[in-house]
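Student: work-v4.cif is reproduced in full below (mmCIF, C-alpha atoms).
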data_query
loop_
_atom_site.group_PDB
_atom_site.id
_atom_site.type_symbol
_atom_site.label_atom_id
_atom_site.label_comp_id
_atom_site.auth_asym_id
_atom_site.auth_seq_id
_atom_site.Cartn_x
_atom_site.Cartn_y
_atom_site.Cartn_z
ATOM 1 C CA MET V 12 0.000 0.000 0.000
ATOM 2 C CA THR V 13 1.095 3.555 -0.497
ATOM 3 C CA GLY V 14 1.705 5.910 2.389
ATOM 4 C CA ALA V 15 -1.732 7.338 2.669
ATOM 5 C CA LYS V 16 -3.412 8.860 5.682
ATOM 6 C CA LEU V 17 -6.383 8.434 7.965
ATOM 7 C CA LEU V 18 -8.273 11.671 8.429
ATOM 8 C CA LEU V 19 -10.757 12.155 11.202
ATOM 9 C CA ILE V 20 -13.282 14.882 10.418
ATOM 10 C CA PRO V 21 -14.808 16.519 13.496
ATOM 11 C CA VAL V 22 -16.460 19.845 12.651
ATOM 12 C CA ALA V 23 -17.640 22.706 14.783
ATOM 13 C CA LEU V 24 -20.717 24.019 12.941
ATOM 14 C CA LEU V 25 -20.681 25.299 9.353
ATOM 15 C CA ALA V 26 -17.578 27.451 9.450
ATOM 16 C CA VAL V 27 -14.911 25.012 10.729
ATOM 17 C CA VAL V 28 -13.812 21.751 9.172
ATOM 18 C CA LEU V 29 -10.881 20.263 11.064
ATOM 19 C CA PHE V 30 -8.972 17.287 9.677
ATOM 20 C CA VAL V 31 -6.817 15.286 12.116
ATOM 21 C CA VAL V 32 -4.302 13.048 10.357
ATOM 22 C CA TYR V 33 -3.572 9.442 11.395
ATOM 23 C CA PRO V 34 -1.270 6.987 9.592
ATOM 24 C CA ASN V 35 -3.526 4.857 7.452
ATOM 25 C CA GLU V 36 -4.928 4.641 3.970
ATOM 26 C CA PHE V 37 -8.354 5.770 5.061
ATOM 27 C CA ALA V 38 -9.991 9.075 5.917
ATOM 28 C CA LEU V 39 -12.835 8.890 8.387
ATOM 29 C CA GLN V 40 -14.717 11.146 10.758
ATOM 30 C CA ALA V 41 -14.204 10.736 14.505
ATOM 31 C CA SER V 42 -17.696 9.414 15.107
ATOM 32 C CA LEU V 43 -16.766 6.274 13.158
ATOM 33 C CA SER V 44 -13.576 5.457 15.009
ATOM 34 C CA GLY V 45 -15.103 2.388 16.645
ATOM 35 C CA ALA V 46 -17.773 1.604 14.089
ATOM 36 C CA GLY V 47 -16.538 -1.805 13.084
ATOM 37 C CA CYS V 48 -15.132 -3.147 16.340
ATOM 38 C CA ARG V 49 -16.518 -6.313 17.834
ATOM 39 C CA ASP V 50 -19.067 -5.875 20.597
ATOM 40 C CA ASP V 51 -17.999 -8.485 23.160
ATOM 41 C CA ASP V 52 -19.842 -7.337 26.247
ATOM 42 C CA GLY V 53 -22.531 -9.950 25.584
ATOM 43 C CA GLY V 54 -25.414 -7.646 26.453
ATOM 44 C CA THR V 55 -26.667 -4.393 27.919
ATOM 45 C CA GLU V 56 -27.756 -3.492 31.416
ATOM 46 C CA ARG V 57 -31.417 -2.613 31.880
ATOM 47 C CA ASP V 58 -32.996 -1.845 35.285
ATOM 48 C CA GLY V 59 -29.974 -3.325 37.005
ATOM 49 C CA GLU V 60 -30.131 -6.632 35.119
ATOM 50 C CA LEU V 61 -28.000 -7.834 32.263
ATOM 51 C CA VAL V 62 -30.051 -8.428 29.123
ATOM 52 C CA VAL V 63 -28.176 -10.961 27.030
ATOM 53 C CA LYS V 64 -27.924 -10.195 23.335
ATOM 54 C CA ALA V 65 -27.735 -13.034 20.864
ATOM 55 C CA ALA V 66 -24.532 -12.817 18.832
ATOM 56 C CA PRO V 67 -25.173 -12.328 15.127
ATOM 57 C CA GLU V 68 -24.396 -15.262 12.853
ATOM 58 C CA PHE V 69 -22.140 -13.020 10.814
ATOM 59 C CA ARG V 70 -21.110 -9.420 10.319
ATOM 60 C CA LEU V 71 -21.272 -7.642 6.988
ATOM 61 C CA LEU V 72 -19.818 -4.286 5.956
ATOM 62 C CA ILE V 73 -21.498 -2.666 2.946
ATOM 63 C CA GLY V 74 -19.379 0.068 1.426
ATOM 64 C CA VAL V 75 -21.507 2.110 -0.973
ATOM 65 C CA LEU V 76 -19.129 3.799 -3.412
ATOM 66 C CA THR V 77 -20.597 7.180 -4.266
ATOM 67 C CA LEU V 78 -19.673 10.796 -5.009
ATOM 68 C CA PRO V 79 -19.479 13.601 -2.426
ATOM 69 C CA GLY V 80 -22.189 15.689 -4.096
ATOM 70 C CA ARG V 81 -24.855 12.973 -4.120
ATOM 71 C CA TYR V 82 -26.510 14.108 -0.879
ATOM 72 C CA GLU V 83 -30.052 13.177 -1.903
ATOM 73 C CA ARG V 84 -29.061 9.648 -2.908
ATOM 74 C CA ARG V 85 -27.272 9.033 0.400
ATOM 75 C CA HIS V 86 -30.303 10.295 2.305
ATOM 76 C CA LEU V 87 -32.560 7.897 0.401
ATOM 77 C CA LEU V 88 -30.230 4.948 0.967
ATOM 78 C CA ARG V 89 -29.981 5.716 4.684
ATOM 79 C CA MET V 90 -33.757 5.490 4.975
ATOM 80 C CA VAL V 91 -34.014 2.373 2.828
ATOM 81 C CA TYR V 92 -31.359 0.473 4.779
ATOM 82 C CA SER V 93 -32.221 1.691 8.285
ATOM 83 C CA LEU V 94 -35.850 0.624 7.829
ATOM 84 C CA GLN V 95 -34.652 -2.901 7.036
ATOM 85 C CA GLN V 96 -32.334 -3.303 10.024
ATOM 86 C CA PRO V 97 -34.971 -4.859 12.334
ATOM 87 C CA GLY V 98 -35.454 -7.592 9.750
ATOM 88 C CA VAL V 99 -31.815 -8.675 9.897
ATOM 89 C CA ALA V 100 -30.864 -7.964 13.520
ATOM 90 C CA ARG V 101 -31.383 -11.529 14.745
ATOM 91 C CA ARG V 102 -29.267 -13.037 12.004
ATOM 92 C CA ALA V 103 -26.610 -10.506 11.065
ATOM 93 C CA ARG V 104 -25.002 -7.217 11.883
ATOM 94 C CA VAL V 105 -25.001 -5.077 8.753
ATOM 95 C CA ASP V 106 -23.081 -1.794 8.748
ATOM 96 C CA VAL V 107 -23.538 0.568 5.802
ATOM 97 C CA ARG V 108 -20.891 3.183 5.004
ATOM 98 C CA PHE V 109 -20.778 5.734 2.168
ATOM 99 C CA VAL V 110 -17.359 5.859 0.524
ATOM 100 C CA PHE V 111 -15.784 8.484 -1.705
ATOM 101 C CA CYS V 112 -12.385 10.027 -2.342
ATOM 102 C CA ARG V 113 -10.929 13.353 -1.246
ATOM 103 C CA LEU V 114 -13.228 16.325 -0.795
ATOM 104 C CA ASP V 115 -11.835 19.015 -3.071
ATOM 105 C CA ALA V 116 -14.649 21.582 -3.074
ATOM 106 C CA GLU V 117 -15.034 23.841 -0.059
ATOM 107 C CA GLU V 118 -18.818 23.384 -0.035
ATOM 108 C CA GLN V 119 -18.344 19.617 0.149
ATOM 109 C CA ARG V 120 -15.984 19.937 3.096
ATOM 110 C CA VAL V 121 -18.715 21.757 4.985
ATOM 111 C CA LEU V 122 -21.835 19.856 3.885
ATOM 112 C CA VAL V 123 -20.293 16.382 4.035
ATOM 113 C CA ALA V 124 -18.835 17.242 7.439
ATOM 114 C CA LEU V 125 -22.359 17.950 8.653
ATOM 115 C CA GLU V 126 -23.375 14.490 7.428
ATOM 116 C CA ALA V 127 -20.472 13.003 9.330
ATOM 117 C CA MET V 128 -21.550 14.761 12.510
ATOM 118 C CA ARG V 129 -25.184 13.753 12.154
ATOM 119 C CA TYR V 130 -24.980 10.192 10.814
ATOM 120 C CA GLY V 131 -21.441 8.945 11.410
ATOM 121 C CA ASP V 132 -21.428 6.846 8.243
ATOM 122 C CA VAL V 133 -19.323 8.849 5.772
ATOM 123 C CA VAL V 134 -15.892 7.573 4.727
ATOM 124 C CA GLU V 135 -13.324 9.607 2.803
ATOM 125 C CA LEU V 136 -10.498 7.793 1.015
ATOM 126 C CA ASP V 137 -7.193 9.546 0.463
ATOM 127 C CA CYS V 138 -7.299 9.306 -3.338
ATOM 128 C CA PRO V 139 -8.460 11.467 -6.253
ATOM 129 C CA GLU V 140 -12.131 10.834 -7.014
ATOM 130 C CA ASN V 141 -12.573 8.180 -9.692
ATOM 131 C CA MET V 142 -14.641 5.156 -10.654
ATOM 132 C CA ASP V 143 -12.266 2.779 -12.421
ATOM 133 C CA ASN V 144 -8.821 4.015 -11.463
ATOM 134 C CA GLY V 145 -8.137 2.460 -8.089
ATOM 135 C CA LYS V 146 -10.985 3.582 -5.835
ATOM 136 C CA THR V 147 -12.257 0.033 -5.250
ATOM 137 C CA HIS V 148 -8.757 -1.150 -4.422
ATOM 138 C CA ALA V 149 -8.299 1.756 -2.012
ATOM 139 C CA TYR V 150 -11.567 0.786 -0.310
ATOM 140 C CA PHE V 151 -10.864 -2.909 0.173
ATOM 141 C CA SER V 152 -7.202 -2.453 1.067
ATOM 142 C CA SER V 153 -8.075 0.043 3.806
ATOM 143 C CA VAL V 154 -10.841 -1.862 5.567
ATOM 144 C CA PRO V 155 -8.665 -4.195 7.714
ATOM 145 C CA ALA V 156 -6.471 -1.370 9.003
ATOM 146 C CA LEU V 157 -9.515 0.675 9.895
ATOM 147 C CA PHE V 158 -11.702 -1.963 11.492
ATOM 148 C CA GLY V 159 -9.103 -4.227 13.045
ATOM 149 C CA HIS V 160 -8.474 -7.949 12.882
ATOM 150 C CA GLU V 161 -11.456 -9.934 11.579
ATOM 151 C CA ALA V 162 -13.964 -7.173 12.318
ATOM 152 C CA TYR V 163 -16.318 -8.582 9.672
ATOM 153 C CA ASP V 164 -17.031 -11.948 8.118
ATOM 154 C CA PHE V 165 -17.932 -10.388 4.769
ATOM 155 C CA VAL V 166 -17.169 -7.077 3.038
ATOM 156 C CA MET V 167 -19.277 -5.756 0.157
ATOM 157 C CA LYS V 168 -18.641 -3.120 -2.465
ATOM 158 C CA ALA V 169 -21.951 -1.678 -3.729
ATOM 159 C CA ASP V 170 -23.059 0.985 -6.206
ATOM 160 C CA ASP V 171 -25.284 3.827 -5.039
ATOM 161 C CA ASP V 172 -27.891 2.943 -7.672
ATOM 162 C CA THR V 173 -28.394 -0.567 -6.262
ATOM 163 C CA PHE V 174 -31.195 -1.479 -3.845
ATOM 164 C CA PHE V 175 -30.426 -4.409 -1.551
ATOM 165 C CA ARG V 176 -33.138 -6.226 0.347
ATOM 166 C CA LEU V 177 -31.166 -6.836 3.517
ATOM 167 C CA PRO V 178 -33.206 -9.766 4.938
ATOM 168 C CA GLU V 179 -32.878 -11.666 1.652
ATOM 169 C CA LEU V 180 -29.185 -10.801 1.424
ATOM 170 C CA ALA V 181 -28.626 -11.995 5.000
ATOM 171 C CA GLU V 182 -30.490 -15.239 4.339
ATOM 172 C CA SER V 183 -28.359 -15.895 1.270
ATOM 173 C CA LEU V 184 -25.055 -15.087 2.981
ATOM 174 C CA SER V 185 -25.944 -17.289 5.955
ATOM 175 C CA ARG V 186 -25.522 -20.245 3.580
ATOM 176 C CA ALA V 187 -22.266 -18.951 2.065
ATOM 177 C CA PRO V 188 -18.736 -20.202 2.829
ATOM 178 C CA ARG V 189 -16.878 -17.976 5.279
ATOM 179 C CA GLU V 190 -13.569 -18.267 3.430
ATOM 180 C CA ASP V 191 -12.403 -17.644 -0.147
ATOM 181 C CA LEU V 192 -15.900 -16.351 -1.003
ATOM 182 C CA TYR V 193 -16.617 -14.338 -4.157
ATOM 183 C CA TYR V 194 -20.366 -13.577 -4.207
ATOM 184 C CA GLY V 195 -22.670 -11.621 -6.478
ATOM 185 C CA CYS V 196 -24.309 -11.503 -9.905
ATOM 186 C CA MET V 197 -21.984 -13.170 -12.386
ATOM 187 C CA VAL V 198 -21.662 -11.443 -15.737
ATOM 188 C CA PRO V 199 -21.636 -11.200 -18.721
ATOM 189 C CA CYS V 200 -25.287 -12.227 -18.808
ATOM 190 C CA ASP V 201 -25.874 -12.237 -22.552
ATOM 191 C CA TYR V 202 -23.810 -15.225 -23.681
ATOM 192 C CA VAL V 203 -22.922 -18.735 -22.589
ATOM 193 C CA ARG V 204 -20.593 -18.880 -19.624
ATOM 194 C CA GLY V 205 -16.925 -19.019 -20.373
ATOM 195 C CA TRP V 206 -13.594 -18.029 -18.902
ATOM 196 C CA ASN V 207 -14.265 -14.274 -18.823
ATOM 197 C CA GLU V 208 -16.734 -14.210 -15.920
ATOM 198 C CA TYR V 209 -16.790 -11.843 -12.975
ATOM 199 C CA MET V 210 -19.232 -10.487 -10.417
ATOM 200 C CA SER V 211 -21.071 -7.359 -11.517
ATOM 201 C CA GLY V 212 -20.024 -4.104 -9.906
ATOM 202 C CA MET V 213 -23.637 -3.503 -8.827
ATOM 203 C CA GLY V 214 -22.592 -5.191 -5.581
ATOM 204 C CA TYR V 215 -20.316 -8.089 -4.723
ATOM 205 C CA VAL V 216 -19.085 -9.649 -1.500
ATOM 206 C CA LEU V 217 -15.664 -10.919 -0.469
ATOM 207 C CA SER V 218 -14.987 -12.985 2.622
ATOM 208 C CA TRP V 219 -12.700 -11.361 5.175
ATOM 209 C CA ASP V 220 -9.694 -13.520 4.280
ATOM 210 C CA LEU V 221 -9.817 -12.209 0.701
ATOM 211 C CA VAL V 222 -9.939 -8.623 1.915
ATOM 212 C CA GLU V 223 -6.842 -9.281 4.030
ATOM 213 C CA TRP V 224 -5.210 -10.942 1.034
ATOM 214 C CA ILE V 225 -5.734 -7.775 -1.034
ATOM 215 C CA VAL V 226 -3.667 -5.922 1.574
ATOM 216 C CA SER V 227 -0.897 -8.531 1.651
ATOM 217 C CA ALA V 228 -0.785 -8.745 -2.164
ATOM 218 C CA ALA V 229 -0.151 -5.019 -2.659
ATOM 219 C CA ALA V 230 3.034 -5.661 -4.627
ATOM 220 C CA GLU V 231 1.292 -8.123 -6.965
ATOM 221 C CA ILE V 232 -1.692 -5.839 -7.513
ATOM 222 C CA LYS V 233 0.328 -2.643 -7.967
ATOM 223 C CA GLY V 234 -0.129 -1.278 -11.471
ATOM 224 C CA ARG V 235 -3.232 -3.411 -12.038
ATOM 225 C CA THR V 236 -5.901 -1.187 -10.496
ATOM 226 C CA ASP V 237 -7.012 0.727 -13.612
ATOM 227 C CA GLY V 238 -9.907 -0.413 -15.772
ATOM 228 C CA PRO V 239 -13.514 -1.501 -15.113
ATOM 229 C CA GLU V 240 -13.348 -2.138 -11.385
ATOM 230 C CA ASP V 241 -15.410 -5.341 -11.270
ATOM 231 C CA ARG V 242 -13.365 -7.019 -14.012
ATOM 232 C CA THR V 243 -10.140 -5.689 -12.504
ATOM 233 C CA LEU V 244 -10.867 -7.196 -9.091
ATOM 234 C CA HIS V 245 -11.716 -10.520 -10.722
ATOM 235 C CA SER V 246 -8.357 -10.458 -12.501
ATOM 236 C CA TRP V 247 -6.509 -10.157 -9.161
ATOM 237 C CA LEU V 248 -8.357 -13.126 -7.748
ATOM 238 C CA SER V 249 -7.942 -15.175 -10.907
ATOM 239 C CA ARG V 250 -4.182 -14.605 -11.148
ATOM 240 C CA ALA V 251 -3.713 -15.679 -7.528
ATOM 241 C CA GLY V 252 -6.114 -18.625 -7.647
ATOM 242 C CA LYS V 253 -8.371 -16.917 -5.115
ATOM 243 C CA GLY V 254 -12.141 -16.615 -4.837
ATOM 244 C CA LYS V 255 -12.791 -20.247 -5.747
ATOM 245 C CA ASN V 256 -15.951 -20.339 -3.624
ATOM 246 C CA ARG V 257 -18.114 -18.475 -6.110
ATOM 247 C CA MET V 258 -21.779 -17.833 -5.390
ATOM 248 C CA ASP V 259 -23.673 -16.561 -8.415
ATOM 249 C CA VAL V 260 -27.111 -15.506 -7.141
ATOM 250 C CA LYS V 261 -28.686 -14.623 -10.486
ATOM 251 C CA PRO V 262 -31.578 -14.165 -11.097
ATOM 252 C CA ALA V 263 -32.062 -12.762 -7.562
ATOM 253 C CA MET V 264 -29.651 -9.908 -8.395
ATOM 254 C CA TYR V 265 -30.427 -8.103 -11.635
ATOM 255 C CA ASN V 266 -30.770 -4.816 -13.483
ATOM 256 C CA PHE V 267 -33.953 -2.754 -13.439
ATOM 257 C CA PRO V 268 -36.546 -4.116 -15.905
ATOM 258 C CA GLY V 269 -35.599 -3.172 -19.448
ATOM 259 C CA ARG V 270 -33.716 -4.426 -22.477
ATOM 260 C CA HIS V 271 -30.162 -4.285 -21.153
ATOM 261 C CA PRO V 272 -28.202 -7.406 -20.133
ATOM 262 C CA CYS V 273 -28.887 -8.905 -16.696
ATOM 263 C CA SER V 274 -32.302 -7.205 -16.747
ATOM 264 C CA HIS V 275 -35.678 -8.821 -16.102
ATOM 265 C CA GLU V 276 -38.967 -8.099 -14.379
ATOM 266 C CA PHE V 277 -39.140 -7.921 -10.590
ATOM 267 C CA VAL V 278 -39.295 -11.272 -8.807
ATOM 268 C CA PRO V 279 -40.447 -11.936 -5.211
ATOM 269 C CA ASP V 280 -37.159 -13.478 -4.041
ATOM 270 C CA THR V 281 -35.078 -10.506 -5.187
ATOM 271 C CA ILE V 282 -31.823 -9.769 -3.345
ATOM 272 C CA ALA V 283 -30.807 -6.664 -5.320
ATOM 273 C CA VAL V 284 -32.000 -4.411 -8.140
ATOM 274 C CA HIS V 285 -29.423 -2.330 -10.026
ATOM 275 C CA GLN V 286 -29.529 0.738 -12.288
ATOM 276 C CA LEU V 287 -31.954 2.765 -10.177
ATOM 277 C CA LYS V 288 -30.717 5.960 -11.791
ATOM 278 C CA ASP V 289 -33.595 8.237 -10.812
ATOM 279 C CA ASN V 290 -36.311 8.646 -8.187
ATOM 280 C CA GLY V 291 -38.965 7.237 -10.514
ATOM 281 C CA ARG V 292 -37.135 3.914 -10.713
ATOM 282 C CA TRP V 293 -36.600 3.890 -6.967
ATOM 283 C CA ALA V 294 -40.302 4.533 -6.357
ATOM 284 C CA ARG V 295 -41.384 1.785 -8.759
ATOM 285 C CA THR V 296 -38.987 -0.698 -7.145
ATOM 286 C CA LEU V 297 -39.951 0.124 -3.558
ATOM 287 C CA ARG V 298 -43.642 0.021 -4.492
ATOM 288 C CA TYR V 299 -43.305 -3.480 -5.960
ATOM 289 C CA PHE V 300 -41.759 -4.785 -2.754
ATOM 290 C CA ASN V 301 -44.470 -3.065 -0.681
ATOM 291 C CA PHE V 302 -41.807 -1.134 1.168
ATOM 292 C CA THR V 303 -44.262 1.298 2.774
ATOM 293 C CA ALA V 304 -46.718 -1.383 3.966
ATOM 294 C CA ALA V 305 -46.405 -0.244 7.577
ATOM 295 C CA LEU V 306 -47.282 3.348 6.770
ATOM 296 C CA LYS V 307 -50.358 4.621 8.581
ATOM 297 C CA PRO V 308 -53.176 6.123 6.456
ATOM 298 C CA SER V 309 -52.695 9.770 5.537
ATOM 299 C CA LYS V 310 -54.322 12.317 7.803
ATOM 300 C CA PHE V 311 -55.197 15.700 6.395
ATOM 301 C CA TYR V 312 -55.374 18.823 8.500
ATOM 302 C CA PRO V 313 -57.626 21.807 7.793
ATOM 303 C CA VAL V 314 -56.075 24.852 6.216
ATOM 304 C CA ILE V 315 -56.685 28.029 8.185
ATOM 305 C CA SER V 316 -57.020 31.037 5.915
#
Just give me the structure of the file as structure tokens.
Tutor:
Amino acid sequence: MTGAKLLLIPVALLAVVLFVVYPNEFALQASLSGAGCRDDDGGTERDGELVVKAAPEFRLLIGVLTLPGRYERRHLLRMVYSLQQPGVARRARVDVRFVFCRLDAEEQRVLVALEAMRYGDVVELDCPENMDNGKTHAYFSSVPALFGHEAYDFVMKADDDTFFRLPELAESLSRAPREDLYYGCMVPCDYVRGWNEYMSGMGYVLSWDLVEWIVSAAAEIKGRTDGPEDRTLHSWLSRAGKGKNRMDVKPAMYNFPGRHPCSHEFVPDTIAVHQLKDNGRWARTLRYFNFTAALKPSKFYPVIS
């Protein structure tokens, strides 16, 4: 790994954005400093008695790679994923973090800092913003140093236009191998399977040992981080004989209904829908899965003139 830095971003209101530098390849606000650590106290104390908490079957980190200026999209994803947490709490611990590279614009330093203060889920990598020129490598290679030894069983890279149904994802991963796992929607979808197969960048999962391997294989991977990020990651694994436990969960992961490859109509056992490029697509998808079923009937109030 290169000598990058860990930045903690505490901010005092709109005017001040203070970056504190730590030796690491990650930049992260102070409120996240313990976000991925194991919770080994076994329970919480309530009314003087210890209430035992069942340990999750596994722990998953979802890193949503996005851009600093996509405030509305992050707000939508926060709602979508937080509303699903009760449905996975008994089986898994799922942490969602929003990942982008250095904040160059002054307005971003202020507005993103406010997000960090309020939600504690924003991660800044020490790299120039990009999609296919090393950002995914920077993400995976930084996770172990940030979260400590074996903080998670699985680590996911996800796009910000992908909707994951967390209970279905947790159910699927509960049956997955815990080592040498390469999980997702295998593509290309439009021809017979052959040697050139990889998991779509809409969202794929690596087991923790593979994430640690990415760190240890820095010299082998160096100079091989440019190009379509999903194919590039597959090439690292393929060259090293890694990721042999492949789980292709098509057709449960697919593109939004249309004519493009890997696309089909919604199905009840969906794990993920990709290419939700606008609010209309998000609304149609959430409506199909009855996402607002628990919403109470609307109540109108009189207008006083």
Student: With only C-alpha atoms as the atoms that count, which of V:Trp219, V:Phe311, V:Phe69, V:Tyr130 lies nearest to V:Gly159?
Tutor: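 Of the candidates, the smallest distance to V:Gly159 is held by V:Trp219.
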Student: For stretch 166-172 of chain V, please output as a list in words all residues within 6 Å (counting only C-alpha atoms; exclusion window: fewer than 4 positions along the same chain).
Tutor: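 My reading of the contact set: Leu71, Leu72, Ile73, Gly74, Val75, Leu76, Thr77, Met213, Gly214, Tyr215, Val216, Leu217, His285, Gln286, Leu287 and Lys288 of chain V.
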Student: In Å, rounded to a single decimal, give me how far atom CA of V:Gly195 is from atom CA of V:Asn207.
Tutor: 15.2 Å
Student: So which residues touch V:Thr303 within 12 Å, counting all atoms listed in the file, skipping near sequence neighbours fewer than 3 positions away, as a list in words?
Tutor: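 Residues meeting the cut-off are Met90, Val91, Leu94, Gln95, Ala294, Arg295, Thr296, Leu297, Arg298, Tyr299, Phe300, Leu306, Lys307 and Pro308 of chain V.
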Student: Check which residues satisfy the PyMOL selection byres ((chain V and resi 229) around 12) in the file shown, then give them as a ChimeraX atom specification.
Tutor: /V:12-13,148-149,151-153,222-228,230-236,247
Student: From the set V:Lys310, V:Arg129, V:Arg189, V:Arg85, which residue has the shortest atom-to-atom contact distance to V:Val110, counting all atoms listed in the file?
Tutor: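 For V:Val110, the nearest of the given residues is V:Arg85.
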Student: With 6 Å added on each side, what axis-aligned box encloses every listed atom of stretch 207-217 of chain V? Give the centre and edge lengths in Å to one decimal, as JSON.
Tutor:
{"center_x": -19.0, "center_y": -8.9, "center_z": -9.6, "size_x": 21.4, "size_y": 22.8, "size_z": 30.4}
Student: Have a look at V:Val99, V:Val134, V:Pro79, V:Asp143 and name the one nearest to V:Val121; count all atoms listed in the file.
Tutor: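 Smallest separation from V:Val121 among the options: V:Pro79.
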Student: Kindly resolve the PyMOL selection byres ((chain V and resi 175) around 9) on the present coordinates and return the residues as a ChimeraX atom specification.
Tutor: /V:91-92,173-174,176-180,214,264,281-285
Student: Kindly give the distance, in Å, that separates atom CA of V:Cys200 and atom CA of V:Leu78, rounded to a single decimal.
Tutor: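 If I compute the distance from atom CA of V:Cys200 to atom CA of V:Leu78, I get 27.4 Å.
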Student: Identify which of the residues V:Asp132, V:Asp220, V:Glu68, V:Glu117 lies closest to V:Pro155, counting only C-alpha atoms when measuring atom-to-atom distances.
Tutor: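 Using only C-alpha atoms, V:Pro155 sits closest to V:Asp220.
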Student: Which residues come within 7 Å of stretch 248-257 of chain V, counting all atoms listed in the file, excluding same-chain residues fewer than 3 positions away, as a PyMOL selection string?
Tutor: chain V and resi 191-194+244-245
Student: So, with all atoms listed in the file as the atoms that count, which of V:Val123, V:Val133, V:Leu87, V:Ala263 lies closest to V:Asp289?
Tutor: V:Leu87
Student: Can you work out the spacing between atom CA of V:Leu122 and atom CA of V:Asn290 in Å, to one decimal?
Tutor: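 Spanning atom CA of V:Leu122 to atom CA of V:Asn290 is a straight-line distance of 21.9 Å.
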Student: Write out as a list in words each polymer residue whose atoms come within 8 Å of stretch 238-240 of chain V, counting all atoms listed in the file; drop sequence neighbours fewer than 4 positions from it.
Tutor: Met142, Asp143, Asn144, Gly145, Thr147, Gly212 and Leu244 of chain V
